[in-house]
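Presented below is the structure to which this report refers.
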Amino acid sequence: MSTILATLDVMLPVFLAIALAVLFAKFIKVEARTLSQSVIYLFGPALILNSLLSTEIDPSALGSILAMSLVSTLVLVGIGWGIAKALKLPHPMASTVMLAMSLGNTGSVGLPLAAFAFGAQGMQYAAVFYVTTTIFANILGVYLPSSAHSAFKDIMKRILKVPMIYAAIIGIVLNLMGIRMPVFLERTTNLLGYAAIAVGIAFMGVRLANMKLVGKLKPILIVSAARVMLTPLVGWLTALMLNVNGLARDVSILQISVPAALFTAMFSEEFGGDSELASGIILLSSLLSLISLSLLITIMIG
């Protein structure tokens with residue numbers, strides 16, 4: 001019961017905020033792309049930098065968790081590609097399916113659940129996983145939606161223009177070197193970073209309030225179910241293949257198994273995917289994960 005309550009404590013505020021954002025969007029007209037761009041180019045980098053500088057990263061876990069993150073991400077992209085092919089989805093929807101399968105909410109969901117299930121050291125390992133996936137997410141988030149309508153050279157230019165990648169690299173370097181930013185810069189990143197999740201949820205509210213389910217309901221159901229059912233298996237098989245054991249394995253599997261990331265919708269909006277489809281998958285996979293994550297944590301901690 002305590003596991004279910006802990007999962008609810010993490011997830012219910014997100015659902016309530018999304019519901020209020022949908023209600024807001026029903027009465028107030030808001031430009032969705034302005035919201036997504038503000039997160040990608042302003043609030044998101046501050047959130048990532050602030051998160052990395054306020055979290056203790058265990059260097060000894062970097063190698064195994066980096067490998068878990070990279071391999072599982074590539075496998076999940078492949079599964080997403082297979083689902084999109086089977087459903088014969090057009091490229092904007094297909095790229096979103098691949099993003100939703102491969103990018104999990106390892107920050108606002110994964111970190112607190114790892115702390116609950118595995119304590120302080122589990123939180124450190126979860127932070128390492130969050131760091132590695134942050135960089136992968138920003139590369140895939142630009143590449144997959146852009147790949148059908150842009151040359152590789154142009155895609156690389158777009159990737160290099162995304163400031164969240166630089167924020168992640170700077171945050172990792174400063175963290176590992178034990179360097180702190182000046183207080184005024186820390187407070188600035190705190191202030192901007194707090195807005196990232198709120199504006200991201202407002203963006204989801206706008207997209208969900210205006211969503212047309214024609215042609216989207218089936219992929220939403222299939223991808224959401226695949227996200228919560230297949231990711232733990234992918235995590236376990238990846239750990240087995242890479243011979244990752246103990247706490248690093250358990251935390252990595254938990255992080256791989258979290259619901260689809262909020263950034264999936266915003267990258268889809270900005271770079272040519274289907275942000276309505278992404279928003280639907282994020283919402284439903286988050287609802288389903290109330291059960292799946294509770295069961296997974298119960299199995300792991302006995």
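By convention in this document, the chains of the structure tokens carry letters A, B, ... by their order, each chain's residues are numbered from 1, and ligands are numbered from 1 in the order they are shown.
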
Practice prompt. Please provide as a PyMOL selection string all residues within 7 Å of Ala94 of chain A, with the sequence filter that same-chain residues fewer than 4 positions apart are discarded (counting only C-alpha atoms).
Written response: chain A and resi 81+84+89-90+98

Would you output that residue set with C-alpha atoms, as a PDB file, in the first residue's frame?
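As written to disk, again-v2.pdb reads:
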ATOM      1  CA  TRP A  81       9.703   2.262 -35.409  1.00  0.00           C
ATOM      2  CA  ALA A  84       4.732   2.901 -36.481  1.00  0.00           C
ATOM      3  CA  LEU A  89       1.620   5.905 -39.656  1.00  0.00           C
ATOM      4  CA  PRO A  90       2.790   8.978 -41.607  1.00  0.00           C
ATOM      5  CA  MET A  98       9.546   6.626 -31.596  1.00  0.00           C
TER       6      MET A  98
END

Discussion item. Show me, as a ChimeraX atom specification, the residues that have an atom within 12 Å of Thr298 of chain A when counting only C-alpha atoms, minus same-chain residues fewer than 6 positions from it.
Written reply: /A:1-7,113,116-118,250,254,291-292

Practice prompt. Find the spatial neighbours of Leu23 of chain A, counting only C-alpha atoms, within a cut-off of 8 Å - ignore same-chain residues fewer than 4 positions away - and output them as a list of chain:residue names.
Written response: A:Ala19, A:Phe27, A:Gly205, A:Ala209

Discussion item. Could you check the closest approach to Gly122 of chain A for each of A:Ala25, A:Val251, A:Ala17, A:Leu176 and tell me which residue wins, using only C-alpha atoms?
Written reply: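 Residue with the minimum atom-to-atom distance to Gly122 of chain A: A:Val251.
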
Practice prompt. Go through A:Met123, A:Leu8, A:Leu66, A:Val173 and flag the residue nearest Leu288 of chain A, using only C-alpha atoms for the distances.
Written response: A:Leu8

Item to complete: Can you list, as an MDAnalysis selection string, all residues belonging to segment 28-237 of chain A that DSSP tags as alpha helix (DSSP H)?
Response: chainID A and resid 32:38 44:53 62:87 91:102 111:146 152:160 163:177 183:209 217:237

Convert the current residue selection to file output with C-alpha atoms, as a compact mmCIF listing (two decimals), in the first residue's frame.
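Final output, saved to result13.txt:
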# COMPACT_ATOMS: atom_id res chain seq x y z
CA ALA A 32 0.95 26.29 -28.31
CA ARG A 33 4.23 26.75 -30.17
CA THR A 34 5.14 29.81 -28.12
CA LEU A 35 4.82 27.69 -24.99
CA SER A 36 6.91 24.83 -26.42
CA GLN A 37 9.63 27.18 -27.66
CA SER A 38 9.86 28.92 -24.30
CA GLY A 44 14.27 23.88 -20.10
CA PRO A 45 18.00 24.68 -20.18
CA ALA A 46 17.68 26.38 -16.79
CA LEU A 47 15.82 23.37 -15.37
CA ILE A 48 18.47 20.93 -16.63
CA LEU A 49 21.38 23.03 -15.39
CA ASN A 50 19.75 23.57 -12.00
CA SER A 51 18.89 19.87 -11.67
CA LEU A 52 22.42 18.75 -12.47
CA LEU A 53 24.04 21.21 -10.09
CA LEU A 62 28.56 6.43 -14.90
CA GLY A 63 29.86 3.64 -17.13
CA SER A 64 27.26 0.94 -16.47
CA ILE A 65 24.31 3.31 -16.30
CA LEU A 66 25.44 5.19 -19.43
CA ALA A 67 25.54 1.86 -21.28
CA MET A 68 22.08 0.90 -19.93
CA SER A 69 20.67 4.23 -21.00
CA LEU A 70 22.17 4.20 -24.49
CA VAL A 71 21.31 0.60 -25.38
CA SER A 72 17.76 0.73 -23.98
CA THR A 73 17.09 4.01 -25.77
CA LEU A 74 18.16 2.59 -29.12
CA VAL A 75 16.12 -0.59 -28.57
CA LEU A 76 13.02 1.45 -27.70
CA VAL A 77 13.48 3.64 -30.78
CA GLY A 78 13.49 0.41 -32.79
CA ILE A 79 10.33 -0.83 -31.08
CA GLY A 80 8.67 2.51 -31.77
CA TRP A 81 9.70 2.26 -35.41
CA GLY A 82 8.18 -1.23 -35.59
CA ILE A 83 4.90 -0.05 -34.07
CA ALA A 84 4.73 2.90 -36.48
CA LYS A 85 5.40 0.62 -39.45
CA ALA A 86 2.77 -1.89 -38.33
CA LEU A 87 0.19 0.89 -37.96
CA HIS A 91 6.20 10.35 -40.64
CA PRO A 92 5.05 13.07 -38.19
CA MET A 93 3.13 10.47 -36.18
CA ALA A 94 5.83 7.81 -36.61
CA SER A 95 8.56 10.11 -35.28
CA THR A 96 6.39 10.96 -32.27
CA VAL A 97 5.79 7.27 -31.56
CA MET A 98 9.55 6.63 -31.60
CA LEU A 99 10.13 9.58 -29.27
CA ALA A 100 7.37 8.52 -26.88
CA MET A 101 8.75 4.98 -26.69
CA SER A 102 12.35 6.06 -26.12
CA LEU A 111 13.97 10.68 -9.40
CA PRO A 112 11.43 10.81 -6.54
CA LEU A 113 10.37 7.19 -7.09
CA ALA A 114 14.01 6.03 -7.03
CA ALA A 115 14.53 7.95 -3.79
CA PHE A 116 11.44 6.29 -2.27
CA ALA A 117 12.33 2.77 -3.42
CA PHE A 118 16.12 2.74 -3.02
CA GLY A 119 17.06 5.61 -0.72
CA ALA A 120 19.86 8.16 -1.10
CA GLN A 121 22.19 5.97 -3.15
CA GLY A 122 19.33 4.99 -5.46
CA MET A 123 18.63 8.67 -5.96
CA GLN A 124 22.27 9.23 -6.97
CA TYR A 125 22.12 6.42 -9.53
CA ALA A 126 18.81 7.72 -10.84
CA ALA A 127 20.40 11.15 -11.25
CA VAL A 128 23.18 9.61 -13.36
CA PHE A 129 20.55 7.97 -15.58
CA TYR A 130 18.66 11.28 -15.84
CA VAL A 131 21.86 13.05 -16.90
CA THR A 132 22.64 10.58 -19.69
CA THR A 133 19.10 10.48 -21.05
CA THR A 134 18.91 14.27 -21.08
CA ILE A 135 21.56 14.46 -23.79
CA PHE A 136 20.08 11.56 -25.79
CA ALA A 137 16.61 13.12 -25.55
CA ASN A 138 17.72 16.43 -27.00
CA ILE A 139 19.47 14.77 -29.94
CA LEU A 140 16.61 12.38 -30.74
CA GLY A 141 14.00 15.06 -30.06
CA VAL A 142 15.39 17.11 -32.93
CA TYR A 143 16.57 14.35 -35.26
CA LEU A 144 13.53 12.05 -35.43
CA PRO A 145 10.83 14.65 -36.25
CA SER A 146 13.16 16.51 -38.66
CA PHE A 152 21.30 15.63 -42.38
CA LYS A 153 23.45 18.78 -42.40
CA ASP A 154 20.42 20.94 -41.58
CA ILE A 155 19.35 18.57 -38.81
CA MET A 156 22.80 18.78 -37.23
CA LYS A 157 22.57 22.57 -37.31
CA ARG A 158 19.22 22.38 -35.51
CA ILE A 159 20.65 20.04 -32.88
CA LEU A 160 23.54 22.41 -32.25
CA PRO A 163 20.62 25.08 -25.69
CA MET A 164 19.53 22.19 -23.44
CA ILE A 165 22.42 20.08 -24.76
CA TYR A 166 24.93 22.73 -23.71
CA ALA A 167 23.20 23.16 -20.36
CA ALA A 168 23.52 19.41 -19.76
CA ILE A 169 27.22 19.35 -20.67
CA ILE A 170 28.00 22.41 -18.52
CA GLY A 171 26.01 20.95 -15.63
CA ILE A 172 27.81 17.59 -15.81
CA VAL A 173 31.26 19.21 -15.95
CA LEU A 174 30.59 21.61 -13.07
CA ASN A 175 29.03 18.84 -10.98
CA LEU A 176 31.91 16.39 -11.43
CA MET A 177 34.47 19.14 -10.77
CA VAL A 183 24.65 32.74 -6.07
CA PHE A 184 22.92 35.18 -8.43
CA LEU A 185 23.25 32.69 -11.31
CA GLU A 186 21.96 29.82 -9.16
CA ARG A 187 18.92 31.89 -8.23
CA THR A 188 18.37 32.83 -11.87
CA THR A 189 18.41 29.19 -13.03
CA ASN A 190 16.14 28.24 -10.12
CA LEU A 191 13.64 30.91 -11.06
CA LEU A 192 13.59 29.99 -14.75
CA GLY A 193 13.79 26.25 -14.13
CA TYR A 194 10.68 26.18 -11.94
CA ALA A 195 8.71 27.52 -14.89
CA ALA A 196 9.71 24.68 -17.25
CA ILE A 197 7.36 22.02 -15.87
CA ALA A 198 4.49 24.47 -15.38
CA VAL A 199 4.72 25.87 -18.91
CA GLY A 200 5.17 22.35 -20.30
CA ILE A 201 1.97 21.24 -18.58
CA ALA A 202 0.19 24.33 -19.90
CA PHE A 203 1.35 23.32 -23.39
CA MET A 204 -0.08 19.83 -22.89
CA GLY A 205 -3.35 21.37 -21.72
CA VAL A 206 -3.61 23.42 -24.91
CA ARG A 207 -2.94 20.37 -27.08
CA LEU A 208 -5.31 18.07 -25.19
CA ALA A 209 -8.09 20.69 -25.12
CA LEU A 217 -6.89 6.94 -30.62
CA LYS A 218 -5.49 3.60 -31.80
CA PRO A 219 -1.80 4.64 -31.72
CA ILE A 220 -2.34 6.38 -28.37
CA LEU A 221 -3.71 3.17 -26.86
CA ILE A 222 -1.10 0.88 -28.42
CA VAL A 223 1.95 3.05 -27.73
CA SER A 224 0.88 3.86 -24.16
CA ALA A 225 0.37 0.16 -23.41
CA ALA A 226 3.70 -0.70 -25.05
CA ARG A 227 5.45 2.04 -23.08
CA VAL A 228 4.38 0.66 -19.68
CA MET A 229 4.45 -3.07 -20.55
CA LEU A 230 7.59 -3.44 -22.67
CA THR A 231 9.98 -0.98 -21.04
CA PRO A 232 10.59 -3.06 -17.87
CA LEU A 233 11.34 -6.07 -20.07
CA VAL A 234 13.71 -4.02 -22.23
CA GLY A 235 15.43 -2.77 -19.10
CA TRP A 236 15.84 -6.26 -17.65
CA LEU A 237 17.16 -7.74 -20.92

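Across A:Asn210, A:Thr238, A:Ser286, A:Ser150, the tightest approach to Pro13 of chain A is made by A:Ser286 when counting only C-alpha atoms.
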
Worksheet entry | Separation of atom CA of Ile282 of chain A from atom CA of Gly110 of chain A, in Å and rounded to one decimal |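 Calculated distance between atom CA of Ile282 of chain A and atom CA of Gly110 of chain A is 14.4 Å.
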
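With only C-alpha atoms as the atoms that count, the minimum distance from Val39 of chain A to the choices A:Met181, A:Gly272, A:Ile299, A:Phe267 is reached by A:Phe267.
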
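Atom CA of Gln255 of chain A lies 7.9 Å from atom CA of Asn105 of chain A.
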
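Atom pair atom CA of Lys161 of chain A / atom CA of Glu31 of chain A has a distance of 22.1 Å (rounded to one decimal).
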